[in-house]
$ cat coords-v3.cif   # mmCIF, C-alpha atoms and all ligand atoms
data_query
loop_
_atom_site.group_PDB
_atom_site.id
_atom_site.type_symbol
_atom_site.label_atom_id
_atom_site.label_comp_id
_atom_site.auth_asym_id
_atom_site.auth_seq_id
_atom_site.Cartn_x
_atom_site.Cartn_y
_atom_site.Cartn_z
ATOM 1 C CA MET A 1 -103.962 -19.619 -131.413
ATOM 2 C CA GLU A 2 -106.513 -20.368 -134.111
ATOM 3 C CA ALA A 3 -109.255 -22.822 -133.231
ATOM 4 C CA TRP A 4 -111.302 -24.702 -135.805
ATOM 5 C CA PHE A 5 -114.382 -26.888 -135.692
ATOM 6 C CA PHE A 6 -114.186 -29.812 -138.089
ATOM 7 C CA GLU A 7 -117.099 -31.927 -139.276
ATOM 8 C CA ASN A 8 -115.921 -35.049 -141.030
ATOM 9 C CA GLN A 9 -118.862 -35.445 -143.339
ATOM 10 C CA THR A 10 -118.135 -38.498 -145.459
ATOM 11 C CA GLY A 11 -114.807 -39.894 -144.336
ATOM 12 C CA ASN A 12 -113.176 -38.274 -147.369
ATOM 13 C CA PHE A 13 -114.648 -34.824 -147.251
ATOM 14 C CA GLY A 14 -115.429 -32.401 -144.478
ATOM 15 C CA ILE A 15 -116.052 -28.836 -143.453
ATOM 16 C CA LYS A 16 -113.883 -26.620 -141.266
ATOM 17 C CA ILE A 17 -115.230 -23.566 -139.527
ATOM 18 C CA ARG A 18 -113.044 -21.196 -137.546
ATOM 19 C CA ILE A 19 -114.388 -20.661 -134.037
ATOM 20 C CA LYS A 20 -114.005 -17.924 -131.470
ATOM 21 C CA SER A 21 -115.043 -20.096 -128.547
ATOM 22 C CA ILE A 22 -116.945 -23.128 -127.301
ATOM 23 C CA LEU A 23 -120.033 -21.819 -125.511
ATOM 24 C CA TYR A 24 -121.485 -25.142 -124.434
ATOM 25 C CA HIS A 25 -120.702 -28.802 -124.508
ATOM 26 C CA GLY A 26 -122.853 -31.507 -122.944
ATOM 27 C CA LYS A 27 -124.024 -35.064 -123.348
ATOM 28 C CA SER A 28 -127.740 -35.780 -123.216
ATOM 29 C CA ASP A 29 -129.318 -39.244 -123.046
ATOM 30 C CA PHE A 30 -129.366 -39.259 -126.842
ATOM 31 C CA GLN A 31 -126.453 -37.280 -128.239
ATOM 32 C CA GLU A 32 -123.623 -34.806 -127.736
ATOM 33 C CA ILE A 33 -124.778 -31.213 -127.883
ATOM 34 C CA SER A 34 -122.340 -28.357 -128.560
ATOM 35 C CA VAL A 35 -122.645 -24.656 -129.192
ATOM 36 C CA TYR A 36 -119.784 -22.716 -130.790
ATOM 37 C CA ASP A 37 -119.299 -19.088 -131.595
ATOM 38 C CA THR A 38 -117.968 -18.845 -135.174
ATOM 39 C CA TYR A 39 -116.271 -15.969 -137.013
ATOM 40 C CA GLU A 40 -118.248 -16.317 -140.208
ATOM 41 C CA PHE A 41 -121.820 -17.090 -139.219
ATOM 42 C CA GLY A 42 -122.271 -16.364 -135.506
ATOM 43 C CA LYS A 43 -123.402 -19.020 -133.053
ATOM 44 C CA MET A 44 -123.653 -22.616 -134.268
ATOM 45 C CA LEU A 45 -125.497 -25.676 -132.928
ATOM 46 C CA VAL A 46 -123.786 -29.030 -133.373
ATOM 47 C CA LEU A 47 -125.296 -32.451 -132.525
ATOM 48 C CA ASP A 48 -123.007 -35.507 -132.487
ATOM 49 C CA ASN A 49 -120.421 -33.452 -134.329
ATOM 50 C CA ALA A 50 -122.784 -32.579 -137.221
ATOM 51 C CA VAL A 51 -123.670 -28.933 -137.873
ATOM 52 C CA MET A 52 -127.391 -28.277 -137.375
ATOM 53 C CA PHE A 53 -127.359 -24.574 -138.144
ATOM 54 C CA THR A 54 -125.619 -21.279 -137.611
ATOM 55 C CA ASP A 55 -127.353 -18.033 -136.673
ATOM 56 C CA GLY A 56 -126.163 -16.588 -139.986
ATOM 57 C CA ASN A 57 -127.965 -19.020 -142.298
ATOM 58 C CA GLU A 58 -130.524 -21.063 -140.358
ATOM 59 C CA PHE A 59 -133.214 -19.100 -142.185
ATOM 60 C CA ILE A 60 -132.634 -21.053 -145.407
ATOM 61 C CA TYR A 61 -133.370 -24.490 -143.988
ATOM 62 C CA HIS A 62 -136.148 -23.347 -141.672
ATOM 63 C CA GLU A 63 -137.994 -21.289 -144.276
ATOM 64 C CA MET A 64 -137.726 -23.951 -146.953
ATOM 65 C CA LEU A 65 -138.834 -26.842 -144.761
ATOM 66 C CA SER A 66 -141.878 -24.835 -143.572
ATOM 67 C CA PHE A 67 -143.104 -22.537 -146.311
ATOM 68 C CA ILE A 68 -143.105 -25.037 -149.174
ATOM 69 C CA PRO A 69 -145.712 -27.339 -147.580
ATOM 70 C CA LEU A 70 -147.564 -24.422 -145.939
ATOM 71 C CA PHE A 71 -148.162 -22.610 -149.220
ATOM 72 C CA ALA A 72 -148.814 -25.717 -151.311
ATOM 73 C CA HIS A 73 -151.528 -26.868 -148.917
ATOM 74 C CA LYS A 74 -154.907 -25.153 -148.952
ATOM 75 C CA LYS A 75 -155.646 -24.838 -145.247
ATOM 76 C CA PRO A 76 -152.856 -26.120 -143.013
ATOM 77 C CA GLU A 77 -154.187 -25.601 -139.501
ATOM 78 C CA ASN A 78 -152.854 -28.535 -137.550
ATOM 79 C CA ILE A 79 -149.158 -29.294 -137.916
ATOM 80 C CA LEU A 80 -146.860 -31.967 -136.532
ATOM 81 C CA ILE A 81 -143.122 -31.422 -136.302
ATOM 82 C CA ILE A 82 -140.911 -34.385 -135.501
ATOM 83 C CA GLY A 83 -137.505 -33.364 -134.198
ATOM 84 C CA GLY A 84 -137.043 -29.628 -134.514
ATOM 85 C CA GLY A 85 -136.394 -29.045 -130.803
ATOM 86 C CA ASP A 86 -134.475 -25.871 -131.611
ATOM 87 C CA GLY A 87 -137.790 -24.203 -132.531
ATOM 88 C CA GLY A 88 -136.836 -22.910 -135.991
ATOM 89 C CA ILE A 89 -139.694 -24.646 -137.797
ATOM 90 C CA ILE A 90 -142.193 -23.564 -135.139
ATOM 91 C CA ARG A 91 -141.114 -19.961 -135.591
ATOM 92 C CA GLU A 92 -141.610 -20.096 -139.357
ATOM 93 C CA CYS A 93 -144.989 -21.875 -139.181
ATOM 94 C CA LEU A 94 -146.343 -19.410 -136.632
ATOM 95 C CA LYS A 95 -145.606 -16.447 -138.893
ATOM 96 C CA ASN A 96 -148.850 -17.523 -140.553
ATOM 97 C CA ASN A 97 -152.080 -16.868 -138.688
ATOM 98 C CA PHE A 98 -153.835 -19.708 -140.474
ATOM 99 C CA VAL A 99 -151.751 -22.171 -138.433
ATOM 100 C CA LYS A 100 -153.871 -22.981 -135.386
ATOM 101 C CA HIS A 101 -151.923 -25.682 -133.607
ATOM 102 C CA ILE A 102 -148.489 -27.312 -133.662
ATOM 103 C CA ASP A 103 -147.425 -30.534 -131.956
ATOM 104 C CA LEU A 104 -143.664 -30.748 -131.556
ATOM 105 C CA VAL A 105 -142.449 -34.264 -130.852
ATOM 106 C CA GLU A 106 -138.789 -34.078 -129.867
ATOM 107 C CA ILE A 107 -136.961 -37.011 -128.324
ATOM 108 C CA ASP A 108 -134.302 -34.866 -126.627
ATOM 109 C CA GLY A 109 -135.527 -32.187 -124.217
ATOM 110 C CA GLU A 110 -131.993 -30.917 -123.773
ATOM 111 C CA VAL A 111 -131.940 -29.637 -127.363
ATOM 112 C CA ILE A 112 -134.907 -27.425 -126.480
ATOM 113 C CA GLU A 113 -133.212 -26.124 -123.323
ATOM 114 C CA VAL A 114 -129.907 -25.397 -125.073
ATOM 115 C CA SER A 115 -131.695 -23.649 -127.935
ATOM 116 C CA LYS A 116 -133.746 -21.456 -125.582
ATOM 117 C CA LYS A 117 -130.545 -20.433 -123.828
ATOM 118 C CA PHE A 118 -128.194 -19.857 -126.779
ATOM 119 C CA PHE A 119 -130.533 -19.243 -129.725
ATOM 120 C CA PRO A 120 -133.412 -17.180 -128.300
ATOM 121 C CA GLN A 121 -134.479 -15.817 -131.726
ATOM 122 C CA ILE A 122 -134.780 -19.352 -133.104
ATOM 123 C CA ALA A 123 -136.510 -20.790 -130.025
ATOM 124 C CA SER A 124 -138.689 -17.709 -129.575
ATOM 125 C CA GLN A 125 -142.069 -19.389 -130.188
ATOM 126 C CA ILE A 126 -141.614 -22.745 -128.437
ATOM 127 C CA ASP A 127 -143.722 -21.560 -125.495
ATOM 128 C CA ASN A 128 -146.416 -20.067 -127.734
ATOM 129 C CA LYS A 129 -149.856 -21.236 -126.609
ATOM 130 C CA LYS A 130 -150.516 -22.764 -130.032
ATOM 131 C CA VAL A 131 -147.664 -25.231 -129.447
ATOM 132 C CA SER A 132 -147.718 -28.524 -127.490
ATOM 133 C CA VAL A 133 -144.302 -29.986 -126.833
ATOM 134 C CA LYS A 134 -144.124 -33.755 -126.388
ATOM 135 C CA LEU A 135 -140.807 -35.170 -125.259
ATOM 136 C CA GLU A 136 -141.049 -38.571 -126.847
ATOM 137 C CA ASP A 137 -139.922 -40.769 -129.699
ATOM 138 C CA GLY A 138 -141.573 -39.586 -132.915
ATOM 139 C CA ILE A 139 -141.684 -43.126 -134.279
ATOM 140 C CA LYS A 140 -143.757 -44.363 -131.346
ATOM 141 C CA TYR A 141 -145.878 -41.221 -131.248
ATOM 142 C CA LEU A 142 -146.898 -41.496 -134.903
ATOM 143 C CA LYS A 143 -148.299 -44.962 -134.336
ATOM 144 C CA THR A 144 -150.816 -43.523 -131.851
ATOM 145 C CA VAL A 145 -152.461 -40.910 -134.121
ATOM 146 C CA ASN A 146 -154.736 -41.219 -137.115
ATOM 147 C CA ASN A 147 -156.126 -38.747 -139.634
ATOM 148 C CA ILE A 148 -155.456 -35.564 -137.630
ATOM 149 C CA TYR A 149 -152.653 -33.528 -139.233
ATOM 150 C CA ASP A 150 -152.655 -31.287 -142.300
ATOM 151 C CA ILE A 151 -148.871 -31.244 -142.543
ATOM 152 C CA ILE A 152 -146.121 -33.361 -140.994
ATOM 153 C CA ILE A 153 -142.604 -31.923 -141.056
ATOM 154 C CA ILE A 154 -139.595 -34.097 -140.268
ATOM 155 C CA ASP A 155 -136.825 -31.834 -138.991
ATOM 156 C CA SER A 156 -134.292 -34.509 -138.132
ATOM 157 C CA THR A 157 -130.567 -35.036 -137.809
ATOM 158 C CA ASP A 158 -128.683 -37.328 -140.192
ATOM 159 C CA PRO A 159 -129.892 -40.942 -140.512
ATOM 160 C CA VAL A 160 -127.608 -42.254 -137.774
ATOM 161 C CA GLY A 161 -128.192 -42.557 -134.017
ATOM 162 C CA PRO A 162 -131.516 -41.207 -132.721
ATOM 163 C CA ALA A 163 -132.827 -40.264 -136.203
ATOM 164 C CA GLU A 164 -132.128 -43.555 -137.993
ATOM 165 C CA GLY A 165 -135.730 -44.794 -137.704
ATOM 166 C CA LEU A 166 -137.048 -41.567 -139.245
ATOM 167 C CA PHE A 167 -135.931 -42.701 -142.697
ATOM 168 C CA THR A 168 -137.786 -46.028 -142.874
ATOM 169 C CA LYS A 169 -140.836 -47.347 -144.725
ATOM 170 C CA ASP A 170 -142.556 -48.196 -141.472
ATOM 171 C CA PHE A 171 -142.201 -44.620 -140.250
ATOM 172 C CA TYR A 172 -143.396 -43.088 -143.531
ATOM 173 C CA GLU A 173 -146.473 -45.308 -143.447
ATOM 174 C CA SER A 174 -147.362 -44.186 -139.937
ATOM 175 C CA ALA A 175 -146.974 -40.578 -141.106
ATOM 176 C CA TYR A 176 -149.333 -41.246 -143.997
ATOM 177 C CA ASN A 177 -151.966 -42.575 -141.597
ATOM 178 C CA ALA A 178 -151.557 -39.628 -139.236
ATOM 179 C CA LEU A 179 -152.338 -37.192 -142.065
ATOM 180 C CA LYS A 180 -155.811 -36.092 -143.105
ATOM 181 C CA GLU A 181 -157.034 -37.031 -146.560
ATOM 182 C CA ASP A 182 -155.455 -33.955 -148.145
ATOM 183 C CA GLY A 183 -152.353 -34.044 -145.939
ATOM 184 C CA MET A 184 -148.759 -33.420 -146.879
ATOM 185 C CA PHE A 185 -145.503 -34.848 -145.548
ATOM 186 C CA VAL A 186 -142.068 -33.262 -145.864
ATOM 187 C CA ALA A 187 -138.670 -34.384 -144.631
ATOM 188 C CA GLN A 188 -135.114 -33.142 -144.862
ATOM 189 C CA THR A 189 -133.324 -35.781 -146.923
ATOM 190 C CA GLU A 190 -129.620 -34.928 -146.954
ATOM 191 C CA SER A 191 -127.124 -34.206 -149.737
ATOM 192 C CA PRO A 192 -127.625 -35.390 -153.330
ATOM 193 C CA PHE A 193 -123.835 -35.614 -153.629
ATOM 194 C CA PHE A 194 -123.159 -37.750 -150.587
ATOM 195 C CA ASN A 195 -126.406 -39.550 -149.733
ATOM 196 C CA LYS A 196 -127.407 -40.915 -153.142
ATOM 197 C CA LYS A 197 -128.693 -44.257 -151.939
ATOM 198 C CA LEU A 198 -130.697 -42.717 -149.118
ATOM 199 C CA ILE A 199 -132.338 -40.195 -151.435
ATOM 200 C CA LYS A 200 -133.134 -42.885 -153.969
ATOM 201 C CA ASP A 201 -134.603 -45.213 -151.347
ATOM 202 C CA VAL A 202 -136.625 -42.514 -149.568
ATOM 203 C CA ASN A 203 -138.071 -41.226 -152.822
ATOM 204 C CA HIS A 204 -138.944 -44.715 -153.929
ATOM 205 C CA ILE A 205 -140.797 -45.403 -150.668
ATOM 206 C CA ILE A 206 -142.627 -42.049 -150.617
ATOM 207 C CA ASN A 207 -143.559 -42.549 -154.240
ATOM 208 C CA ASN A 208 -145.169 -45.894 -153.401
ATOM 209 C CA ILE A 209 -147.118 -44.526 -150.442
ATOM 210 C CA TYR A 210 -148.340 -41.108 -151.648
ATOM 211 C CA LYS A 211 -150.295 -40.065 -154.674
ATOM 212 C CA ILE A 212 -147.753 -37.340 -155.372
ATOM 213 C CA SER A 213 -144.064 -37.404 -154.449
ATOM 214 C CA MET A 214 -141.492 -34.757 -155.277
ATOM 215 C CA MET A 215 -138.116 -33.475 -154.287
ATOM 216 C CA TYR A 216 -136.814 -29.921 -153.932
ATOM 217 C CA TYR A 217 -133.572 -28.361 -152.816
ATOM 218 C CA ALA A 218 -131.913 -25.350 -151.218
ATOM 219 C CA MET A 219 -128.376 -24.052 -150.818
ATOM 220 C CA ILE A 220 -127.077 -24.405 -147.284
ATOM 221 C CA PRO A 221 -123.390 -23.515 -147.001
ATOM 222 C CA VAL A 222 -122.743 -25.309 -143.702
ATOM 223 C CA TYR A 223 -124.187 -28.717 -144.651
ATOM 224 C CA PRO A 224 -122.262 -31.429 -146.528
ATOM 225 C CA SER A 225 -121.800 -30.237 -150.162
ATOM 226 C CA GLY A 226 -123.956 -27.149 -149.621
ATOM 227 C CA LEU A 227 -126.756 -28.614 -151.732
ATOM 228 C CA TRP A 228 -129.574 -29.965 -149.595
ATOM 229 C CA SER A 229 -132.623 -32.028 -150.476
ATOM 230 C CA PHE A 230 -136.150 -32.199 -149.108
ATOM 231 C CA THR A 231 -138.710 -34.852 -150.022
ATOM 232 C CA VAL A 232 -142.461 -34.276 -150.080
ATOM 233 C CA GLY A 233 -145.298 -36.772 -150.162
ATOM 234 C CA SER A 234 -148.722 -35.336 -150.829
ATOM 235 C CA LYS A 235 -152.190 -36.869 -150.821
ATOM 236 C CA LYS A 236 -153.800 -34.127 -152.875
ATOM 237 C CA TYR A 237 -152.019 -30.815 -153.481
ATOM 238 C CA GLN A 238 -149.245 -30.304 -155.984
ATOM 239 C CA PRO A 239 -146.193 -29.465 -153.787
ATOM 240 C CA ASN A 240 -144.429 -27.426 -156.482
ATOM 241 C CA LYS A 241 -147.373 -25.054 -156.963
ATOM 242 C CA ILE A 242 -148.485 -22.233 -154.729
ATOM 243 C CA ASN A 243 -152.039 -22.972 -153.728
ATOM 244 C CA GLU A 244 -154.371 -20.463 -155.352
ATOM 245 C CA VAL A 245 -155.596 -19.230 -151.988
ATOM 246 C CA TYR A 246 -152.163 -17.656 -151.434
ATOM 247 C CA LYS A 247 -151.488 -16.452 -154.958
ATOM 248 C CA ASN A 248 -151.989 -12.814 -154.027
ATOM 249 C CA ILE A 249 -150.748 -12.945 -150.467
ATOM 250 C CA ASP A 250 -148.245 -10.267 -149.417
ATOM 251 C CA LEU A 251 -145.097 -11.975 -148.136
ATOM 252 C CA SER A 252 -143.313 -8.781 -147.157
ATOM 253 C CA SER A 253 -144.393 -8.831 -143.521
ATOM 254 C CA LEU A 254 -143.183 -12.407 -142.951
ATOM 255 C CA ASP A 255 -139.494 -11.567 -142.582
ATOM 256 C CA LEU A 256 -138.406 -14.065 -145.242
ATOM 257 C CA LYS A 257 -134.825 -14.099 -146.472
ATOM 258 C CA TYR A 258 -134.772 -17.077 -148.863
ATOM 259 C CA TYR A 259 -138.312 -18.187 -149.659
ATOM 260 C CA SER A 260 -140.357 -16.379 -152.267
ATOM 261 C CA HIS A 261 -143.041 -17.648 -154.604
ATOM 262 C CA GLU A 262 -140.465 -17.805 -157.423
ATOM 263 C CA ILE A 263 -138.121 -19.856 -155.252
ATOM 264 C CA HIS A 264 -141.009 -22.126 -154.290
ATOM 265 C CA ILE A 265 -141.472 -23.104 -157.911
ATOM 266 C CA SER A 266 -137.836 -23.097 -158.986
ATOM 267 C CA SER A 267 -136.614 -25.228 -156.059
ATOM 268 C CA PHE A 268 -138.422 -28.213 -157.609
ATOM 269 C CA ILE A 269 -136.566 -27.838 -160.893
ATOM 270 C CA LEU A 270 -133.789 -30.339 -160.334
ATOM 271 C CA PRO A 271 -130.350 -30.635 -161.893
ATOM 272 C CA LYS A 272 -130.150 -33.592 -164.249
ATOM 273 C CA PHE A 273 -127.972 -35.792 -162.037
ATOM 274 C CA ILE A 274 -130.510 -35.521 -159.225
ATOM 275 C CA LYS A 275 -133.435 -36.301 -161.499
ATOM 276 C CA GLU A 276 -131.580 -39.375 -162.687
ATOM 277 C CA LEU A 277 -131.180 -40.474 -159.083
ATOM 278 C CA LEU A 278 -134.928 -40.504 -158.653
ATOM 279 C CA ASN A 279 -135.768 -42.591 -161.690
HETATM 280 N N1 LIG B 301 -131.292 -30.600 -139.243
HETATM 281 C C1 LIG B 301 -130.033 -31.137 -139.646
HETATM 282 C C2 LIG B 301 -129.750 -31.365 -141.045
HETATM 283 C C3 LIG B 301 -128.575 -32.291 -141.207
HETATM 284 C C4 LIG B 301 -127.232 -31.629 -141.239
HETATM 285 N N2 LIG B 301 -126.223 -32.614 -141.451
HETATM 286 C C5 LIG B 301 -124.908 -32.462 -141.267
HETATM 287 N N3 LIG B 301 -124.401 -31.343 -140.929
HETATM 288 N N4 LIG B 301 -124.115 -33.491 -141.411
HETATM 289 C C6 LIG B 301 -131.200 -29.307 -138.736
HETATM 290 C C7 LIG B 301 -132.142 -28.997 -137.658
HETATM 291 C C8 LIG B 301 -132.510 -27.565 -137.652
HETATM 292 N N5 LIG B 301 -133.766 -27.320 -137.064
#
$ encode --input "coords-v3.cif" --output "structure tokens" --more "lines below"
Ligand code: AG3
Amino acid sequence: MEAWFFENQTGNFGIKIRIKSILYHGKSDFQEISVYDTYEFGKMLVLDNAVMFTDGNEFIYHEMLSFIPLFAHKKPENILIIGGGDGGIIRECLKNNFVKHIDLVEIDGEVIEVSKKFFPQIASQIDNKKVSVKLEDGIKYLKTVNNIYDIIIIDSTDPVGPAEGLFTKDFYESAYNALKEDGMFVAQTESPFFNKKLIKDVNHIINNIYKISMMYYAMIPVYPSGLWSFTVGSKKYQPNKINEVYKNIDLSSLDLKYYSHEIHISSFILPKFIKELLN
């Protein structure tokens, strides 16, 4: 018999993925965690019935949420990741030797355990000695730090349940204070087709807090609508430009499958309906 995973993404629109088997299903203190084996894209992590990634295309989201701020900034040595317990962002950041330290603040330790077990290539660098893992609420953590990070990356779930507070003005202000004076903030900000109000609100807030605010996008076939947005707030550097210190860097040893310097620049060139959302 055929088995399908179904994510009901908006109430009126969803995504169906044919599965070979359910490899794991559990309930943590924060959410339901499931791992499926799919026909099309290999193993898939699902939190509260929302697809987080599949082995076959996680590279898109993880590269784009890491390399854009890393290569726009001049010297990103100290990085904070909020969420991201699967380790994908850590792996991408640590491909660059200039990154000296990463704090990962993940509320749900079980996501880390499940990822280490079922997605060893994604979780491969979580135990790297440059990484400190803090199992706590990112919202509370951010209130305790000031002027220490070069880049803050928000690798969250959708704005419901445990991640709801990661899309608020209060949270973005704490992030601003935790950044150094040339710091940069980037967050995944959902689908421009289905989360119009959220994108509008987030961009408005970031625009009021940071000197520079911008949005970019990537194609992610397993997320609602396949078109995914990321929002950057920057105190100094232009997010849509490659910092001159990296202009001649050789990317070929970094095992990149989506990001390139051309993509860096073009991902900020937005379709008209998205631009209109931001104005
Ligand atoms: N972060 C999840 C993006 C949201 C996907 N939403 C959805 N399927 N409804 C992914 C975490 C990967 N490190």
$ closest_residue --input "coords-v3.cif" --among "A:Asp155, A:Glu40, A:Ile68, A:Gly26" --to "ligand LIG 301 (chain B)" --atoms "all atoms listed in the file"
A:Asp155
$ axis_aligned_box --input "coords-v3.cif" --around "ligand LIG 301 (chain B)" --padding-each-side "6 Å" --output "JSON"
{"center_x": -128.9, "center_y": -30.4, "center_z": -139.3, "size_x": 21.7, "size_y": 18.2, "size_z": 16.4}
$ residues_around --input "coords-v3.cif" --residues "Asp137 (chain A)" --least-positions-apart "2" --cutoff "6 Å" --atoms "only C-alpha atoms" --output "list in words"
Ile107, Ile139 and Lys140 of chain A
$ residues_near_ligand --input "coords-v3.cif" --ligand "ligand LIG 301 (chain B)" --cutoff "9 Å" --atoms "all atoms listed in the file" --output "number ranges by chain"
A: 7-10, 45-47, 49-53, 58, 61-62, 83-89, 122, 155-159, 188-191, 222-224, 228
$ atom_distance --input "coords-v3.cif" --atom1 "CA of Asp103 (chain A)" --atom2 "CA of Ala72 (chain A)"
20.0 Å
$ residues_around --input "coords-v3.cif" --residues "Leu254 (chain A)" --least-positions-apart "5" --cutoff "9 Å" --atoms "only C-alpha atoms" --output "list in words"
Glu92, Lys95 and Asn96 of chain A
$ atom_distance --input "coords-v3.cif" --atom1 "CA of Phe268 (chain A)" --atom2 "CA of Asn240 (chain A)"
6.2 Å
$ atom_distance --input "coords-v3.cif" --atom1 "CA of Asp201 (chain A)" --atom2 "CA of Phe167 (chain A)"
9.1 Å
$ residues_around --input "coords-v3.cif" --residues "Ile242 (chain A)" --least-positions-apart "5" --cutoff "8 Å" --atoms "all atoms listed in the file" --output "number ranges by chain"
A: 71-72, 247, 261, 264-265
$ build_atoms --input "coords-v3.cif" --residues "region 113-120 of chain A" --atoms "all heavy atoms" --output "short mmCIF file (atom, residue, chain, number, x, y, z; two decimals), in the coordinates of the input"
data_model
loop_
_atom_site.label_atom_id
_atom_site.label_comp_id
_atom_site.auth_asym_id
_atom_site.auth_seq_id
_atom_site.Cartn_x
_atom_site.Cartn_y
_atom_site.Cartn_z
N GLU A 113 -133.79 -26.99 -124.37
CA GLU A 113 -133.21 -26.12 -123.32
C GLU A 113 -132.01 -25.35 -123.84
O GLU A 113 -131.87 -24.15 -123.62
CB GLU A 113 -132.81 -26.95 -122.09
CG GLU A 113 -134.00 -27.60 -121.36
CD GLU A 113 -135.23 -26.70 -121.25
OE1 GLU A 113 -135.05 -25.53 -120.85
OE2 GLU A 113 -136.35 -27.14 -121.59
N VAL A 114 -131.12 -26.05 -124.56
CA VAL A 114 -129.91 -25.40 -125.07
C VAL A 114 -130.29 -24.32 -126.09
O VAL A 114 -129.74 -23.22 -126.11
CB VAL A 114 -128.95 -26.45 -125.71
CG1 VAL A 114 -127.86 -25.78 -126.52
CG2 VAL A 114 -128.35 -27.32 -124.62
N SER A 115 -131.29 -24.62 -126.92
CA SER A 115 -131.70 -23.65 -127.94
C SER A 115 -132.31 -22.40 -127.29
O SER A 115 -132.01 -21.27 -127.69
CB SER A 115 -132.67 -24.32 -128.90
OG SER A 115 -132.90 -23.47 -129.99
N LYS A 116 -133.15 -22.62 -126.27
CA LYS A 116 -133.75 -21.46 -125.58
C LYS A 116 -132.65 -20.57 -124.98
O LYS A 116 -132.76 -19.35 -125.00
CB LYS A 116 -134.67 -21.93 -124.46
CG LYS A 116 -136.02 -22.41 -124.95
CD LYS A 116 -136.89 -22.80 -123.77
CE LYS A 116 -138.30 -23.11 -124.22
NZ LYS A 116 -139.08 -23.75 -123.15
N LYS A 117 -131.60 -21.20 -124.48
CA LYS A 117 -130.54 -20.43 -123.83
C LYS A 117 -129.62 -19.71 -124.83
O LYS A 117 -129.32 -18.54 -124.66
CB LYS A 117 -129.74 -21.39 -122.95
CG LYS A 117 -128.67 -20.72 -122.16
CD LYS A 117 -128.28 -21.50 -120.92
CE LYS A 117 -127.21 -20.70 -120.20
NZ LYS A 117 -126.16 -21.54 -119.65
N PHE A 118 -129.21 -20.43 -125.89
CA PHE A 118 -128.19 -19.86 -126.78
C PHE A 118 -128.74 -19.29 -128.09
O PHE A 118 -128.06 -18.54 -128.77
CB PHE A 118 -127.12 -20.91 -127.10
CG PHE A 118 -126.31 -21.30 -125.89
CD1 PHE A 118 -126.61 -22.44 -125.18
CD2 PHE A 118 -125.27 -20.48 -125.45
CE1 PHE A 118 -125.88 -22.80 -124.05
CE2 PHE A 118 -124.52 -20.82 -124.34
CZ PHE A 118 -124.83 -21.99 -123.63
N PHE A 119 -129.96 -19.71 -128.45
CA PHE A 119 -130.53 -19.24 -129.72
C PHE A 119 -131.94 -18.69 -129.50
O PHE A 119 -132.92 -19.22 -130.06
CB PHE A 119 -130.56 -20.39 -130.75
CG PHE A 119 -129.21 -21.00 -131.01
CD1 PHE A 119 -128.80 -22.12 -130.31
CD2 PHE A 119 -128.34 -20.43 -131.93
CE1 PHE A 119 -127.54 -22.68 -130.54
CE2 PHE A 119 -127.09 -20.98 -132.17
CZ PHE A 119 -126.69 -22.10 -131.46
N PRO A 120 -132.07 -17.66 -128.67
CA PRO A 120 -133.41 -17.18 -128.30
C PRO A 120 -134.26 -16.73 -129.49
O PRO A 120 -135.47 -16.91 -129.46
CB PRO A 120 -133.13 -16.01 -127.34
CG PRO A 120 -131.69 -15.65 -127.52
CD PRO A 120 -131.00 -16.90 -127.99
#
